[in-house]
Amino acid sequence: SGYHRVLEENRKLYNQVQDLKGSIRVYCRVRPFSPGQPNRSSNVAHIEEGNITIVVPSKYGKEGHKSFNFNKVFGPAATQEEVFADTQPLIRSVLDGYNVCIFAYGQTGSGKTYTMSGPKELTEEGLGVNYRALGDLFHLSEQRKDTFRYDVSVQMIEIYNEQVRDLLVTDGLTKRLEIRNSSREGLNVPDANLVPVASTSDVMELMDIGHGNRAVGATALNDRSSRSHSCLTVHVQGRDLASGAVLRGCMHLVDLAGSERVNKSEVTGDRLKEAQHINKSLSALGDVIASLAQKNAHVPYRNSKLTQLLQDSLGGQAKTLMFVHISPEMDAIGETISTLKFAERVATVELGAARKNK
Ligand code: ADP
């Protein structure tokens, strides 16, 4: 039957992405110097396929070079298209009923939003992972339309100071939401608006609304967007036209809050509270991923709203990809080192063998 044919097709795809199953891939992306800042000294000494070597000044330990291995390293010249090409198999598996999480991690200004959404002035080539992923889902579901009917809908939420808010509201009132894991149809924030989408332009419209709502907070709390996590969740439901069987997959596309350490002596009040919430949730995320990688029996999902939100999509059969972003500036070396160390910890098990060969 059509169903079996699709299953067989799925199996092939499944094999292609077998190396992704239940695993965590880590891609490192180095952004270019900003225009107008040519010939600055770079903290990156060398980049290869899956390896990056940075310059370590004496202030940060033993002076010299330090190498890190990841599944892939994208240098400053990598295009959005190239970055997406390596992400594509993961996205395809959502149509086969897998859950997927894609994160952008890094200090503020390192290129997280660029990777996920694109530059401020969006051009076709500039389109980030979010748009390309949705575009791909629509394209593939169209290809399968004789055997499957797919419905795609999205939610967009923000986590700020351990509070979850709906970004897909049109009245500017981003209401507070609860995370409830055991909810209908795999929705873990059932009260967030769930909007059906059928084209990339639908998605663009919604993302404009969502980004606009993130910016609302920015007037009061100056650049709040770098201090909150935003998550575009794509729910896919596929019905086999012959048998009526239903597959469900879900994909979280997460632009994390800036990972920079805040100097406690320099900030107080709201800034300090924000920084503490961010540290807490990013380390909770690191703990969850590391504990999954080590196959620990207990995975500490409950330690933050972020990990609660993503619980169904981290571990088990789910596939996780983390883009870690670094800035090339020498000034950023301290953050670059801590970002790469975090990323290395996240990648522990899968990359363990590679690291030994260093
Ligand atoms: P973040 O989301 O981590 O705070 P942004 O994505 O806003 O950082 O990037 C900071 C600036 O650098 C923006 O002006 C962005 O357009 C630019 N930028 C980031 N990554 C790239 C890249 N790969 N190519 C060109 N410009 C980039």
# chains A, B, ... in the order shown; residues from 1 in each chain; ligands from 1
>>> select_by_dssp(residues="segment 25-226 of chain A", states="alpha helix (DSSP H)", output="PyMOL selection string")
chain A and resi 80-85+88-92+112-116+129-143+200-221
>>> select_by_dssp(residues="segment 218-353 of chain A", states="strand (DSSP E or B)", output="PyMOL selection string")
chain A and resi 229-240+246-255+319-326+329
>>> write_last_selection(atoms="C-alpha atoms", output="mmCIF file, in the first residue's frame")
data_model
loop_
_atom_site.group_PDB
_atom_site.id
_atom_site.type_symbol
_atom_site.label_atom_id
_atom_site.label_comp_id
_atom_site.auth_asym_id
_atom_site.auth_seq_id
_atom_site.Cartn_x
_atom_site.Cartn_y
_atom_site.Cartn_z
ATOM 1 C CA HIS A 229 15.123 32.404 24.780
ATOM 2 C CA SER A 230 12.782 32.347 21.810
ATOM 3 C CA CYS A 231 11.381 29.171 20.411
ATOM 4 C CA LEU A 232 9.580 28.562 17.148
ATOM 5 C CA THR A 233 7.875 25.192 17.428
ATOM 6 C CA VAL A 234 6.665 23.482 14.296
ATOM 7 C CA HIS A 235 4.074 20.750 14.681
ATOM 8 C CA VAL A 236 3.670 18.381 11.797
ATOM 9 C CA GLN A 237 0.848 15.891 11.472
ATOM 10 C CA GLY A 238 0.883 13.471 8.585
ATOM 11 C CA ARG A 239 -2.062 11.295 7.661
ATOM 12 C CA ASP A 240 -1.586 8.318 5.400
ATOM 13 C CA VAL A 246 -1.281 9.401 11.648
ATOM 14 C CA LEU A 247 2.338 10.391 12.241
ATOM 15 C CA ARG A 248 3.333 13.307 14.422
ATOM 16 C CA GLY A 249 6.626 15.130 14.467
ATOM 17 C CA CYS A 250 7.704 18.297 16.089
ATOM 18 C CA MET A 251 10.619 20.645 15.674
ATOM 19 C CA HIS A 252 11.832 23.296 18.071
ATOM 20 C CA LEU A 253 13.972 26.050 16.617
ATOM 21 C CA VAL A 254 15.508 27.851 19.530
ATOM 22 C CA ASP A 255 17.386 31.131 19.592
ATOM 23 C CA LYS A 319 17.497 14.507 17.319
ATOM 24 C CA THR A 320 19.349 17.494 18.580
ATOM 25 C CA LEU A 321 21.573 19.939 16.792
ATOM 26 C CA MET A 322 23.365 22.772 18.479
ATOM 27 C CA PHE A 323 24.932 25.599 16.542
ATOM 28 C CA VAL A 324 27.550 27.204 18.711
ATOM 29 C CA HIS A 325 28.492 30.663 17.556
ATOM 30 C CA ILE A 326 31.676 32.524 18.162
ATOM 31 C CA GLU A 329 37.368 39.330 17.625
#
>>> atom_distance(atom1="atom CA of Ser226 of chain A", atom2="atom CA of Asp202 of chain A")
25.1 Å
>>> residues_near_ligand(ligand="ligand 1", cutoff="8 Å", atoms="only C-alpha atoms and all ligand atoms", output="PyMOL selection string")
chain A and resi 29-34+76-80+105-115+118-120+226+255+258+325
>>> residues_around(residues="Asp166 of chain A", least_positions_apart="2", cutoff="8 Å", atoms="only C-alpha atoms", output="compact mmCIF listing (two decimals) with N, CA and C atoms, in the first residue's frame")
# COMPACT_ATOMS: atom_id res chain seq x y z
N GLN A 155 3.91 27.39 16.73
CA GLN A 155 3.77 28.20 17.93
C GLN A 155 5.07 28.99 18.08
N MET A 156 5.00 30.12 18.72
CA MET A 156 6.22 30.87 18.96
C MET A 156 6.15 31.44 20.37
N ILE A 157 7.09 31.02 21.19
CA ILE A 157 7.06 31.48 22.57
C ILE A 157 8.43 32.01 22.99
N GLU A 158 8.40 32.69 24.10
CA GLU A 158 9.63 33.27 24.65
C GLU A 158 9.74 32.85 26.11
N VAL A 164 7.16 31.76 30.74
CA VAL A 164 6.89 31.41 29.35
C VAL A 164 5.81 32.34 28.81
N LEU A 168 2.91 34.84 19.65
CA LEU A 168 1.98 34.96 18.52
C LEU A 168 0.66 35.58 18.96
N VAL A 169 0.74 36.78 19.47
CA VAL A 169 -0.46 37.52 19.84
C VAL A 169 -0.46 38.81 19.04
N THR A 174 1.58 39.77 25.59
CA THR A 174 2.18 38.44 25.56
C THR A 174 1.85 37.72 26.87
N LYS A 175 0.74 36.99 26.85
CA LYS A 175 0.28 36.40 28.11
C LYS A 175 1.18 35.27 28.60
N ARG A 176 1.18 35.11 29.90
CA ARG A 176 2.00 34.07 30.53
C ARG A 176 1.37 32.71 30.37
N LEU A 177 2.20 31.71 30.13
CA LEU A 177 1.68 30.38 29.86
C LEU A 177 2.31 29.34 30.78
N ALA A 192 -0.68 28.15 24.17
CA ALA A 192 -0.06 29.10 23.23
C ALA A 192 -0.78 28.99 21.89
N ASN A 193 -0.94 30.11 21.22
CA ASN A 193 -1.59 30.08 19.91
C ASN A 193 -0.87 29.10 18.99
>>> residues_around(residues="Ser228 of chain A", least_positions_apart="4", cutoff="8 Å", atoms="only C-alpha atoms", output="JSON, numbers by chain")
{"A": [158, 159, 160, 161, 224, 256, 257, 258, 278]}
>>> closest_residue(among="A:Ile333, A:Val288, A:Val94, A:Val299", to="Val346 of chain A", atoms="only C-alpha atoms")
A:Val288
>>> closest_residue(among="A:Glu162, A:Tyr60, A:Thr339, A:Asp208", to="Ala275 of chain A", atoms="only C-alpha atoms")
A:Glu162
>>> closest_residue(among="A:Ile102, A:Ile24, A:Leu127, A:Ile52", to="Pro328 of chain A", atoms="only C-alpha atoms")
A:Ile52
>>> closest_residue(among="A:Glu48, A:Asp270, A:Glu63, A:Glu125", to="Glu81 of chain A", atoms="only C-alpha atoms")
A:Glu125
>>> closest_residue(among="A:His139, A:His298, A:Lys305, A:Arg227", to="Val189 of chain A", atoms="only C-alpha atoms")
A:Lys305
>>> closest_residue(among="A:Phe84, A:Ser225, A:Leu173, A:Asp151", to="Arg132 of chain A", atoms="only C-alpha atoms")
A:Phe84
>>> atom_distance(atom1="atom CA of Ser153 of chain A", atom2="atom CA of Asp96 of chain A")
15.8 Å
>>> atom_distance(atom1="atom CA of Gly286 of chain A", atom2="atom CA of Glu344 of chain A")
10.2 Å
